[in-house]
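Here is data08.tsv, consisting of TSV, C-alpha atoms:
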```tsv
chain	number	residue	atom	x	y	z
E	1	MET	CA	120.26	112.17	117.35
E	2	SER	CA	117.99	113.08	114.44
E	3	SER	CA	119.91	114.94	111.74
E	4	SER	CA	118.75	116.75	108.63
E	5	VAL	CA	122.19	116.11	107.06
E	6	VAL	CA	124.11	112.84	107.19
E	7	VAL	CA	127.66	112.85	105.84
E	8	ILE	CA	129.35	109.51	105.27
E	9	GLY	CA	133.06	109.47	104.54
E	10	SER	CA	136.63	109.90	105.71
E	11	PHE	CA	138.44	111.37	108.67
E	12	ASN	CA	142.17	112.07	108.47
E	13	VAL	CA	144.75	113.57	110.74
E	14	ASP	CA	146.31	116.18	108.42
E	15	HIS	CA	150.02	116.96	108.47
E	16	VAL	CA	150.55	120.27	106.69
E	17	TRP	CA	153.70	121.97	105.42
E	18	ARG	CA	153.46	125.59	104.21
E	19	CYS	CA	156.19	126.41	101.71
E	20	GLU	CA	157.09	129.22	99.33
E	21	SER	CA	156.60	126.81	96.40
E	22	LEU	CA	155.38	123.23	96.07
E	23	PRO	CA	158.26	120.72	96.26
E	24	ALA	CA	159.55	119.36	92.94
E	25	PRO	CA	160.60	115.71	92.56
E	26	GLY	CA	163.92	115.15	94.32
E	27	ALA	CA	163.85	118.53	96.06
E	28	THR	CA	164.26	119.21	99.77
E	29	ILE	CA	162.78	122.52	100.89
E	30	ALA	CA	161.97	124.26	104.17
E	31	GLY	CA	158.41	124.74	105.36
E	32	ARG	CA	156.27	125.56	108.37
E	33	TYR	CA	154.55	122.50	109.88
E	34	SER	CA	151.17	122.13	111.54
E	35	THR	CA	148.74	119.30	112.17
E	36	GLY	CA	144.98	119.10	112.61
E	37	PRO	CA	141.76	117.36	111.53
E	38	GLY	CA	140.84	116.71	107.90
E	39	GLY	CA	139.44	114.13	105.49
E	40	LYS	CA	136.77	115.09	102.99
E	41	GLY	CA	133.95	113.57	104.99
E	42	PHE	CA	134.89	115.21	108.27
E	43	ASN	CA	135.54	118.57	106.61
E	44	GLN	CA	132.13	118.46	104.98
E	45	ALA	CA	130.40	117.47	108.21
E	46	VAL	CA	132.03	120.41	110.01
E	47	ALA	CA	130.96	122.73	107.19
E	48	ALA	CA	127.37	121.47	107.24
E	49	ARG	CA	127.10	121.95	110.99
E	50	ARG	CA	128.69	125.40	110.98
E	51	ALA	CA	126.32	126.32	108.14
E	52	GLY	CA	123.43	125.63	110.48
E	53	ALA	CA	122.23	122.08	109.78
E	54	PRO	CA	121.90	119.38	112.46
E	55	THR	CA	124.48	116.88	111.20
E	56	THR	CA	125.66	113.32	111.77
E	57	PHE	CA	128.99	112.04	110.47
E	58	LEU	CA	129.44	108.33	109.69
E	59	CYS	CA	133.01	107.05	109.41
E	60	ALA	CA	135.57	104.45	110.47
E	61	LEU	CA	138.25	105.25	113.07
E	62	GLY	CA	141.22	103.50	114.59
E	63	ASN	CA	141.67	103.02	118.33
E	64	ASP	CA	144.31	105.73	118.53
E	65	ALA	CA	144.91	109.41	119.15
E	66	GLY	CA	143.48	110.30	115.74
E	67	GLY	CA	140.19	108.58	116.53
E	68	ALA	CA	140.01	110.36	119.88
E	69	MET	CA	140.66	113.65	118.10
E	70	ALA	CA	137.75	113.07	115.72
E	71	ARG	CA	135.31	112.30	118.52
E	72	GLY	CA	136.41	115.25	120.62
E	73	LEU	CA	136.19	117.75	117.78
E	74	ALA	CA	132.77	116.51	116.67
E	75	GLU	CA	131.47	117.00	120.21
E	76	GLN	CA	133.06	120.44	120.33
E	77	ASP	CA	131.39	121.46	117.04
E	78	GLY	CA	128.03	120.04	118.06
E	79	PHE	CA	127.45	117.25	115.58
E	80	ALA	CA	126.99	113.53	116.11
E	81	LEU	CA	129.75	111.10	115.12
E	82	THR	CA	129.03	107.41	114.63
E	83	ALA	CA	132.16	105.42	113.88
E	84	GLU	CA	132.91	101.84	112.90
E	85	ALA	CA	135.82	100.59	115.02
E	86	SER	CA	138.79	99.50	112.92
E	87	SER	CA	142.04	97.68	113.66
E	88	GLU	CA	143.67	99.95	111.07
E	89	PRO	CA	145.11	103.32	112.17
E	90	THR	CA	142.98	106.40	111.72
E	91	GLY	CA	143.50	107.93	108.26
E	92	THR	CA	146.21	110.51	107.60
E	93	GLY	CA	146.90	113.20	105.01
E	94	GLY	CA	150.14	114.91	103.99
E	95	ILE	CA	149.51	118.39	102.56
E	96	TYR	CA	151.87	120.94	101.00
E	97	VAL	CA	150.55	124.50	100.57
E	98	ASP	CA	152.46	127.17	98.61
E	99	SER	CA	152.49	130.95	99.02
E	100	ARG	CA	149.65	131.29	96.47
E	101	GLY	CA	147.35	128.98	98.44
E	102	ARG	CA	147.71	126.06	96.01
E	103	ASN	CA	148.14	122.57	97.46
E	104	THR	CA	149.14	118.97	96.79
E	105	ILE	CA	147.88	116.16	99.01
E	106	VAL	CA	148.84	112.54	99.74
E	107	ILE	CA	146.33	110.39	101.66
E	108	GLY	CA	146.98	107.34	103.86
E	109	PRO	CA	143.49	105.75	103.99
E	110	GLY	CA	143.96	103.58	107.08
E	111	ALA	CA	140.60	102.98	108.76
E	112	ASN	CA	138.75	104.88	106.04
E	113	ALA	CA	139.35	101.96	103.67
E	114	ALA	CA	137.66	99.60	106.15
E	115	LEU	CA	134.24	101.35	106.24
E	116	SER	CA	131.97	98.36	105.66
E	117	LEU	CA	128.64	97.43	104.11
E	118	ASP	CA	127.53	95.92	107.44
E	119	PHE	CA	128.13	99.24	109.19
E	120	VAL	CA	126.04	101.11	106.61
E	121	GLU	CA	123.22	98.60	106.94
E	122	GLN	CA	123.24	99.17	110.70
E	123	GLN	CA	122.72	102.91	110.03
E	124	ARG	CA	119.70	102.39	107.77
E	125	ALA	CA	117.25	104.27	110.02
E	126	LEU	CA	119.61	107.25	110.32
E	127	LEU	CA	120.20	107.44	106.57
E	128	ALA	CA	116.52	107.03	105.79
E	129	GLY	CA	115.56	109.78	108.22
E	130	ALA	CA	117.86	112.43	106.78
E	131	LYS	CA	116.78	115.19	104.42
E	132	VAL	CA	120.12	115.13	102.62
E	133	VAL	CA	122.87	112.49	102.52
E	134	LEU	CA	126.31	113.55	101.29
E	135	ALA	CA	129.18	111.22	100.39
E	136	GLN	CA	132.60	111.31	98.74
E	137	LEU	CA	134.95	108.63	97.41
E	138	GLU	CA	137.70	108.40	100.05
E	139	SER	CA	135.82	105.35	101.39
E	140	PRO	CA	135.12	101.99	99.66
E	141	VAL	CA	132.92	102.66	96.65
E	142	GLU	CA	130.58	99.74	97.39
E	143	THR	CA	129.93	101.15	100.88
E	144	ILE	CA	129.12	104.59	99.49
E	145	GLU	CA	126.86	103.06	96.85
E	146	ALA	CA	124.93	101.16	99.52
E	147	ALA	CA	124.50	104.28	101.65
E	148	LEU	CA	123.19	106.33	98.74
E	149	ALA	CA	120.82	103.54	97.72
E	150	ILE	CA	119.31	103.42	101.22
E	151	ALA	CA	118.91	107.20	101.30
E	152	ARG	CA	117.46	107.38	97.78
E	153	GLU	CA	114.94	104.62	98.54
E	154	ALA	CA	113.75	106.59	101.58
E	155	GLY	CA	113.33	109.82	99.60
E	156	ALA	CA	116.34	111.75	100.90
E	157	THR	CA	118.22	114.05	98.53
E	158	THR	CA	121.52	112.36	97.68
E	159	VAL	CA	124.66	114.37	96.92
E	160	LEU	CA	127.89	112.75	95.72
E	161	ASN	CA	131.14	114.67	95.72
E	162	VAL	CA	133.00	112.54	93.17
E	163	ALA	CA	136.42	113.17	94.70
E	164	PRO	CA	139.25	112.42	94.48
E	165	ALA	CA	139.57	112.27	90.69
E	166	ASP	CA	141.33	108.89	90.62
E	167	ALA	CA	138.76	107.14	92.83
E	168	PRO	CA	136.83	104.27	91.19
E	169	SER	CA	133.25	104.96	90.18
E	170	SER	CA	130.49	103.46	88.06
E	171	ILE	CA	127.51	104.75	86.13
E	172	GLY	CA	125.33	102.91	88.65
E	173	LEU	CA	126.88	104.91	91.49
E	174	LEU	CA	126.46	108.21	89.63
E	175	LYS	CA	122.78	107.45	88.98
E	176	LEU	CA	122.18	107.15	92.72
E	177	ALA	CA	123.08	110.83	93.19
E	178	ASP	CA	120.49	113.56	92.75
E	179	VAL	CA	123.39	116.03	92.65
E	180	LEU	CA	126.98	115.43	91.53
E	181	THR	CA	129.64	117.94	92.59
E	182	PRO	CA	132.95	117.38	90.75
E	183	ASN	CA	135.67	119.97	90.31
E	184	GLU	CA	137.09	120.42	86.80
E	185	THR	CA	139.71	117.68	87.26
E	186	GLU	CA	137.17	115.19	88.57
E	187	PHE	CA	134.68	116.16	85.86
E	188	ALA	CA	137.24	115.53	83.10
E	189	ALA	CA	138.13	112.18	84.67
E	190	LEU	CA	134.47	111.12	84.81
E	191	LEU	CA	133.91	112.08	81.17
E	192	GLY	CA	136.91	110.04	80.06
E	193	ARG	CA	135.94	107.03	82.18
E	194	HIS	CA	132.19	106.86	81.58
E	195	VAL	CA	131.40	108.81	78.40
E	196	GLY	CA	134.53	108.41	76.30
E	197	GLU	CA	134.90	112.19	75.98
E	198	ARG	CA	138.49	113.45	76.28
E	199	VAL	CA	138.47	116.94	77.77
E	200	ASP	CA	141.51	118.58	79.33
E	201	ALA	CA	140.69	119.64	82.89
E	202	ASN	CA	142.38	122.98	82.24
E	203	ASP	CA	139.90	123.67	79.42
E	204	VAL	CA	136.69	122.92	81.31
E	205	ALA	CA	136.17	126.43	82.73
E	206	ALA	CA	136.63	128.02	79.29
E	207	LEU	CA	133.96	125.93	77.57
E	208	ASP	CA	130.82	127.80	76.55
E	209	GLY	CA	127.73	127.11	78.61
E	210	ALA	CA	125.89	125.05	76.00
E	211	SER	CA	128.88	122.77	75.40
E	212	LEU	CA	129.53	122.25	79.10
E	213	HIS	CA	125.82	121.57	79.70
E	214	ALA	CA	125.80	118.98	76.92
E	215	LEU	CA	128.75	117.17	78.50
E	216	CYS	CA	126.99	117.16	81.87
E	217	ARG	CA	123.89	115.65	80.27
E	218	LYS	CA	125.97	112.89	78.68
E	219	LEU	CA	127.41	112.06	82.08
E	220	VAL	CA	124.09	111.92	83.97
E	221	GLY	CA	120.83	112.15	82.09
E	222	ASN	CA	118.52	112.98	84.99
E	223	GLY	CA	120.65	114.41	87.79
E	224	THR	CA	122.04	117.85	88.51
E	225	VAL	CA	125.75	118.44	88.00
E	226	VAL	CA	127.56	121.23	89.83
E	227	VAL	CA	131.09	121.70	88.49
E	228	THR	CA	133.21	123.75	90.89
E	229	LEU	CA	135.79	125.81	89.00
E	230	GLY	CA	137.90	127.38	91.73
E	231	SER	CA	138.55	131.07	91.18
E	232	VAL	CA	136.23	131.07	88.15
E	233	GLY	CA	133.16	130.06	90.16
E	234	VAL	CA	130.62	127.29	89.60
E	235	PHE	CA	128.71	125.83	86.65
E	236	VAL	CA	125.28	124.27	87.24
E	237	SER	CA	123.55	121.87	84.82
E	238	HIS	CA	120.05	120.52	85.42
E	239	ALA	CA	118.01	117.96	83.55
E	240	GLU	CA	115.38	119.82	81.52
E	241	GLU	CA	112.58	118.02	83.35
E	242	ASN	CA	113.95	118.84	86.83
E	243	LEU	CA	115.23	122.39	87.25
E	244	ARG	CA	115.06	122.22	91.07
E	245	GLY	CA	113.25	125.53	91.32
E	246	ASP	CA	115.56	127.33	88.88
E	247	THR	CA	114.35	129.08	85.73
E	248	GLN	CA	117.03	127.80	83.35
E	249	PRO	CA	118.71	124.44	82.79
E	250	TYR	CA	122.29	125.73	83.06
E	251	TYR	CA	124.09	128.79	84.35
E	252	ARG	CA	127.28	130.04	86.00
E	253	VAL	CA	127.75	131.60	89.42
E	254	GLY	CA	130.88	133.70	89.81
E	255	ALA	CA	133.37	133.20	92.61
E	256	GLU	CA	133.27	135.36	95.71
E	257	GLN	CA	135.85	138.14	95.95
E	258	VAL	CA	137.98	137.12	98.94
E	259	GLN	CA	141.55	137.39	100.20
E	260	VAL	CA	142.74	133.84	99.54
E	261	LEU	CA	145.19	132.45	102.08
E	262	ASP	CA	144.70	128.67	101.74
E	263	THR	CA	142.43	126.75	99.34
E	264	THR	CA	142.77	123.46	101.24
E	265	GLY	CA	139.24	122.25	102.00
E	266	ALA	CA	137.44	124.85	99.85
E	267	GLY	CA	135.66	122.15	97.87
E	268	ASP	CA	134.61	120.47	101.10
E	269	ALA	CA	133.34	123.80	102.41
E	270	PHE	CA	131.22	124.21	99.28
E	271	ASN	CA	129.73	120.72	99.55
E	272	GLY	CA	128.95	120.93	103.26
E	273	ALA	CA	127.34	124.35	102.90
E	274	LEU	CA	125.36	123.26	99.83
E	275	VAL	CA	123.71	120.33	101.61
E	276	ALA	CA	123.13	122.38	104.76
E	277	SER	CA	121.30	125.02	102.72
E	278	ILE	CA	119.22	122.40	100.89
E	279	ALA	CA	118.29	120.70	104.18
E	280	GLN	CA	117.24	123.97	105.82
E	281	ASP	CA	115.13	125.25	102.91
E	282	PRO	CA	114.39	122.41	100.46
E	283	GLU	CA	111.78	124.44	98.57
E	284	ALA	CA	114.17	127.28	97.67
E	285	ALA	CA	115.56	127.60	94.16
E	286	PHE	CA	118.76	125.61	93.71
E	287	ALA	CA	120.65	128.74	92.63
E	288	ARG	CA	120.12	130.15	96.11
E	289	HIS	CA	121.81	127.12	97.66
E	290	VAL	CA	124.71	127.40	95.21
E	291	ARG	CA	125.23	131.10	95.93
E	292	PHE	CA	125.33	130.43	99.65
E	293	ALA	CA	127.77	127.53	99.22
E	294	ASN	CA	129.96	129.80	97.08
E	295	GLN	CA	130.02	132.45	99.82
E	296	PHE	CA	130.79	129.86	102.48
E	297	ALA	CA	133.61	128.30	100.46
E	298	GLY	CA	135.10	131.70	99.72
E	299	ARG	CA	135.23	132.56	103.41
E	300	SER	CA	136.91	129.24	104.17
E	301	THR	CA	139.91	130.19	101.99
E	302	GLU	CA	140.63	133.26	104.12
E	303	LYS	CA	141.94	131.08	106.97
E	304	GLU	CA	144.58	128.37	107.14
E	305	GLY	CA	143.58	124.72	107.39
E	306	ALA	CA	140.74	122.49	106.28
E	307	ALA	CA	138.14	121.65	108.95
E	308	ALA	CA	139.48	124.39	111.21
E	309	ALA	CA	138.96	127.01	108.49
E	310	MET	CA	135.22	126.37	108.05
E	311	PRO	CA	133.39	129.58	108.94
E	312	HIS	CA	130.41	129.87	111.28
E	313	PHE	CA	128.13	131.26	108.57
E	314	THR	CA	124.51	130.24	107.90
E	315	PRO	CA	122.04	131.00	105.10
E	316	GLY	CA	120.38	133.49	107.44
E	317	ASP	CA	123.68	135.29	107.92
E	318	ALA	CA	124.12	135.45	104.14
E	319	GLU	CA	120.70	137.04	103.67
E	320	ASN	CA	121.45	139.66	106.32
E	321	LYS	CA	124.80	140.72	104.83
```

What would you get if you wrote out this structure as C-alpha cells?
Amino acid sequence: MSSSVVVIGSFNVDHVWRCESLPAPGATIAGRYSTGPGGKGFNQAVAARRAGAPTTFLCALGNDAGGAMARGLAEQDGFALTAEASSEPTGTGGIYVDSRGRNTIVIGPGANAALSLDFVEQQRALLAGAKVVLAQLESPVETIEAALAIAREAGATTVLNVAPADAPSSIGLLKLADVLTPNETEFAALLGRHVGERVDANDVAALDGASLHALCRKLVGNGTVVVTLGSVGVFVSHAEENLRGDTQPYYRVGAEQVQVLDTTGAGDAFNGALVASIAQDPEAAFARHVRFANQFAGRSTEKEGAAAAMPHFTPGDAENK
C-alpha cells in the first residue's frame, strides 16, 4: 500500500480509570474502568487516517490479544499496519483521568521497546515513498533516528513528536526533523538537556513571542518548532530562511473553544492531523496546517478515550465549516 503518511511508533492496550480526582501517593480511590487501543504512534496513525491521509503504521506487536486488536482496528479504520513480531507482550498503558479531563499515564513498553533497526531497514522503500514521516519517542531512539534519516534522505518531510518528556534524545536526532512538536513540558526538558537553558514548563506559555522564538532557535537552528500549549493554543517558530509559506517567523494560534471531556490523546490528535494536512496540501502555508490540527485536536477532547476519540474530520471539512 502506498501511503502519503507513514507513522512509526508505539501501540498500547490502554487501561483507563476515570476518577473525581487523580490519585495521590498511598491513596485508594474509586473509579470507572474501561480499556481500548492507545500508544502515541497508533493514536497518531488513526488521527492521520481520519484526517484524510492514506496512512501506514509501523510498529512492533506481541503474539497476543493486544496485537490482534491493533491489526483489527487498523483494518477497520482503513490504514495499513506493518508490524515486527516480538516475543515481548504488546505494550500497555495505565491512565487515570480526573473530572477536569486531566490525566496521568504509566506505560509498559513491552514489544514497543523491541522495534529494531533491521525492521526499519526492511521498510526503506515505504519510508522513502512517503510525503511525510512522523515519529515519537516511545520506541528505541536509535530506531527512530534511522527511520527519520531514511525519510530525510529521500526528501520526505520529517516530523518528530519529542514525547514523552523523559525519553532520551540527541541533537543529531533533533536535526533529522523538519518539524519538532513538543508540548511545554517536553520543550522545557529539551532546553535543559541540549541547550543548558532552565525554563519551568509552567512558564513556557507566558513567555513573550520573541523570547520563546529565541529559545526555539537555540534548540534547532534550521527546523520548525511547534510548541503545543494545551488550553492556551500553539506557538510556531520557523527558521528565518524557511518560513514554510508563512509570512512571519513566529506566531501563536489560539486554542479552539470546545467542551473538554478528556484530554487524553489530544497531542496525538494534533500531530496526526498536522501531518495529514501537510501531506494533502504540501504547498499550503504552514499556519493553515496548524489551524486545522488545532481544530482536530480540540474535537478529540470532546469524547472519551485516545484513539477512539479521534474525529472523522478532514481539511476539506474544516474549510466548509

Next on the checklist: Ranking E:Leu274, E:Leu215, E:Phe292, E:Leu261 by minimum distance to Gly196 of chain E and counting all atoms listed in the file, which one comes first?
Outcome noted: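 Nearest to Gly196 of chain E: E:Leu215.
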
Item to check | Gap from atom CA of Gln295 of chain E to atom CA of Gly129 of chain E - Å, one decimal | outcome: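 If I compute the distance from atom CA of Gln295 of chain E to atom CA of Gly129 of chain E, I get 28.2 Å.
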
Item to check | Which residue of E:Gly9, E:Gly192, E:Pro164, E:Pro54 approaches Ala114 of chain E most closely, using only C-alpha atoms | outcome: E:Gly9

Checklist entry - Between atom CA of Leu134 of chain E and atom CA of Ala154 of chain E, what is the spacing in Å? => result 14.4 Å

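If you measure from each of E:Gly230, E:Gly39, E:Gly62, E:Gly298 to Leu137 of chain E using only C-alpha atoms, the closest one turns out to be E:Gly39.
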
May I have the centre and edge lengths, in Å to one decimal, of an axis-aligned box around the listed atoms of segment 254-262 of chain E with 6 Å added to every side, as AutoDock Vina command-line options?
```
--center_x 138.0 --center_y 133.4 --center_z 95.9 --size_x 26.3 --size_y 21.5 --size_z 24.3
```

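Atom CA of Ala306 of chain E is positioned 16.1 Å from atom CA of Gln259 of chain E.
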
Checklist entry - Near Phe187 of chain E, counting all atoms listed in the file, which residues have an atom at most 8 Å away, once you skip same-chain residues fewer than 5 positions from it, shown as a ChimeraX atom specification? => result /E:165,182,201,227

Might you pull out every residue within 10 Å of Leu219 of chain E, with all atoms listed in the file counted and same-chain residues fewer than 3 positions away left off, and present them as a short mmCIF file (atom, residue, chain, number, x, y, z; two decimals) with C-alpha atoms, keeping the file's coordinate frame?
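Okay, selection06.cif is ready:
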```cif
data_model
loop_
_atom_site.label_atom_id
_atom_site.label_comp_id
_atom_site.auth_asym_id
_atom_site.auth_seq_id
_atom_site.Cartn_x
_atom_site.Cartn_y
_atom_site.Cartn_z
CA ILE E 171 127.51 104.75 86.13
CA LEU E 174 126.46 108.21 89.63
CA LYS E 175 122.78 107.45 88.98
CA PHE E 187 134.68 116.16 85.86
CA LEU E 190 134.47 111.12 84.81
CA LEU E 191 133.91 112.08 81.17
CA GLY E 192 136.91 110.04 80.06
CA ARG E 193 135.94 107.03 82.18
CA HIS E 194 132.19 106.86 81.58
CA VAL E 195 131.40 108.81 78.40
CA GLY E 196 134.53 108.41 76.30
CA GLU E 197 134.90 112.19 75.98
CA HIS E 213 125.82 121.57 79.70
CA ALA E 214 125.80 118.98 76.92
CA LEU E 215 128.75 117.17 78.50
CA CYS E 216 126.99 117.16 81.87
CA ASN E 222 118.52 112.98 84.99
CA GLY E 223 120.65 114.41 87.79
CA VAL E 225 125.75 118.44 88.00
#
```

Next on the checklist: Neighbouring residues of Asp166 of chain E were defined as those with any atom within 8 Å, considering all atoms listed in the file; residues of the same chain fewer than 3 positions away were excluded. Please report them as number ranges by chain.
Outcome noted: E: 163, 186, 189

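Non-sequential neighbours of Val232 of chain E (distance at most 9 Å, separation of 4 or more positions within a chain, all atoms listed in the file) are E:Ala205, E:Thr228, E:Val253, E:Gly254, E:Ala255.
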
Checklist entry - From the set E:Ile8, E:Gly93, E:Gly31, E:Gly108, which residue has the shortest atom-to-atom contact distance to Glu145 of chain E, counting all atoms listed in the file? => result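 Residue with the minimum atom-to-atom distance to Glu145 of chain E: E:Ile8.
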
Next on the checklist: Within 12 Å of (119.7, 122.1, 102.9) in the file's own coordinates, which protein, DNA or RNA residues have an atom, counting all atoms listed in the file? List them as a ChimeraX atom specification.
Outcome noted: /E:3-6,48-49,51-55,130-134,156-159,271-286,288-290,292-293,314-315

Checklist entry - When distances are computed from all atoms listed in the file, which of E:Phe235, E:Phe11, E:Phe42, E:Tyr33 shows the smallest separation from Thr90 of chain E? => result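 For Thr90 of chain E, the nearest of the given residues is E:Phe11.
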
Missing atoms in segment 28-37 of chain E need filling: write out all heavy atoms for it as a PDB file, keeping the file's coordinate frame.
```pdb
ATOM      1  N   THR E  28     164.451 119.061  98.338  1.00  0.00           N
ATOM      2  CA  THR E  28     164.260 119.210  99.770  1.00  0.00           C
ATOM      3  C   THR E  28     164.152 120.699 100.066  1.00  0.00           C
ATOM      4  O   THR E  28     165.062 121.467  99.743  1.00  0.00           O
ATOM      5  CB  THR E  28     165.438 118.624 100.559  1.00  0.00           C
ATOM      6  OG1 THR E  28     165.550 117.229 100.267  1.00  0.00           O
ATOM      7  CG2 THR E  28     165.234 118.813 102.060  1.00  0.00           C
ATOM      8  N   ILE E  29     162.999 121.109 100.621  1.00  0.00           N
ATOM      9  CA  ILE E  29     162.780 122.520 100.890  1.00  0.00           C
ATOM     10  C   ILE E  29     162.321 122.715 102.327  1.00  0.00           C
ATOM     11  O   ILE E  29     161.895 121.764 102.986  1.00  0.00           O
ATOM     12  CB  ILE E  29     161.735 123.127  99.912  1.00  0.00           C
ATOM     13  CG1 ILE E  29     160.380 122.425 100.078  1.00  0.00           C
ATOM     14  CG2 ILE E  29     162.211 123.014  98.468  1.00  0.00           C
ATOM     15  CD1 ILE E  29     159.275 123.033  99.217  1.00  0.00           C
ATOM     16  N   ALA E  30     162.408 123.937 102.805  1.00  0.00           N
ATOM     17  CA  ALA E  30     161.970 124.260 104.170  1.00  0.00           C
ATOM     18  C   ALA E  30     160.510 124.667 104.161  1.00  0.00           C
ATOM     19  O   ALA E  30     160.011 125.261 103.196  1.00  0.00           O
ATOM     20  CB  ALA E  30     162.824 125.391 104.734  1.00  0.00           C
ATOM     21  N   GLY E  31     159.801 124.362 105.244  1.00  0.00           N
ATOM     22  CA  GLY E  31     158.410 124.740 105.360  1.00  0.00           C
ATOM     23  C   GLY E  31     157.997 124.854 106.814  1.00  0.00           C
ATOM     24  O   GLY E  31     158.733 124.442 107.721  1.00  0.00           O
ATOM     25  N   ARG E  32     156.826 125.408 107.020  1.00  0.00           N
ATOM     26  CA  ARG E  32     156.270 125.560 108.370  1.00  0.00           C
ATOM     27  C   ARG E  32     155.242 124.464 108.590  1.00  0.00           C
ATOM     28  O   ARG E  32     154.295 124.332 107.812  1.00  0.00           O
ATOM     29  CB  ARG E  32     155.651 126.954 108.513  1.00  0.00           C
ATOM     30  CG  ARG E  32     155.014 127.226 109.873  1.00  0.00           C
ATOM     31  CD  ARG E  32     154.746 128.719 110.035  1.00  0.00           C
ATOM     32  NE  ARG E  32     153.942 129.270 108.968  1.00  0.00           N
ATOM     33  CZ  ARG E  32     152.610 129.322 108.972  1.00  0.00           C
ATOM     34  NH1 ARG E  32     151.930 128.839 110.011  1.00  0.00           N
ATOM     35  NH2 ARG E  32     151.956 129.858 107.960  1.00  0.00           N
ATOM     36  N   TYR E  33     155.387 123.692 109.656  1.00  0.00           N
ATOM     37  CA  TYR E  33     154.550 122.500 109.880  1.00  0.00           C
ATOM     38  C   TYR E  33     153.417 122.776 110.867  1.00  0.00           C
ATOM     39  O   TYR E  33     153.577 123.514 111.842  1.00  0.00           O
ATOM     40  CB  TYR E  33     155.426 121.373 110.442  1.00  0.00           C
ATOM     41  CG  TYR E  33     154.637 120.164 110.894  1.00  0.00           C
ATOM     42  CD1 TYR E  33     154.125 119.262 109.976  1.00  0.00           C
ATOM     43  CD2 TYR E  33     154.395 119.940 112.250  1.00  0.00           C
ATOM     44  CE1 TYR E  33     153.392 118.150 110.392  1.00  0.00           C
ATOM     45  CE2 TYR E  33     153.671 118.835 112.680  1.00  0.00           C
ATOM     46  CZ  TYR E  33     153.170 117.947 111.742  1.00  0.00           C
ATOM     47  OH  TYR E  33     152.440 116.866 112.157  1.00  0.00           O
ATOM     48  N   SER E  34     152.274 122.148 110.581  1.00  0.00           N
ATOM     49  CA  SER E  34     151.170 122.130 111.540  1.00  0.00           C
ATOM     50  C   SER E  34     150.388 120.841 111.337  1.00  0.00           C
ATOM     51  O   SER E  34     150.528 120.157 110.321  1.00  0.00           O
ATOM     52  CB  SER E  34     150.253 123.349 111.340  1.00  0.00           C
ATOM     53  OG  SER E  34     149.668 123.339 110.045  1.00  0.00           O
ATOM     54  N   THR E  35     149.572 120.495 112.290  1.00  0.00           N
ATOM     55  CA  THR E  35     148.740 119.300 112.170  1.00  0.00           C
ATOM     56  C   THR E  35     147.344 119.610 112.696  1.00  0.00           C
ATOM     57  O   THR E  35     147.156 120.522 113.520  1.00  0.00           O
ATOM     58  CB  THR E  35     149.344 118.113 112.936  1.00  0.00           C
ATOM     59  OG1 THR E  35     148.580 116.934 112.676  1.00  0.00           O
ATOM     60  CG2 THR E  35     149.375 118.373 114.438  1.00  0.00           C
ATOM     61  N   GLY E  36     146.347 118.864 112.196  1.00  0.00           N
ATOM     62  CA  GLY E  36     144.980 119.100 112.610  1.00  0.00           C
ATOM     63  C   GLY E  36     144.036 118.136 111.896  1.00  0.00           C
ATOM     64  O   GLY E  36     144.471 117.257 111.150  1.00  0.00           O
ATOM     65  N   PRO E  37     142.726 118.279 112.104  1.00  0.00           N
ATOM     66  CA  PRO E  37     141.760 117.360 111.530  1.00  0.00           C
ATOM     67  C   PRO E  37     141.525 117.633 110.047  1.00  0.00           C
ATOM     68  O   PRO E  37     141.646 118.756 109.579  1.00  0.00           O
ATOM     69  CB  PRO E  37     140.488 117.650 112.334  1.00  0.00           C
ATOM     70  CG  PRO E  37     140.617 119.104 112.692  1.00  0.00           C
ATOM     71  CD  PRO E  37     142.089 119.307 112.945  1.00  0.00           C
TER      72      PRO E  37
END
```
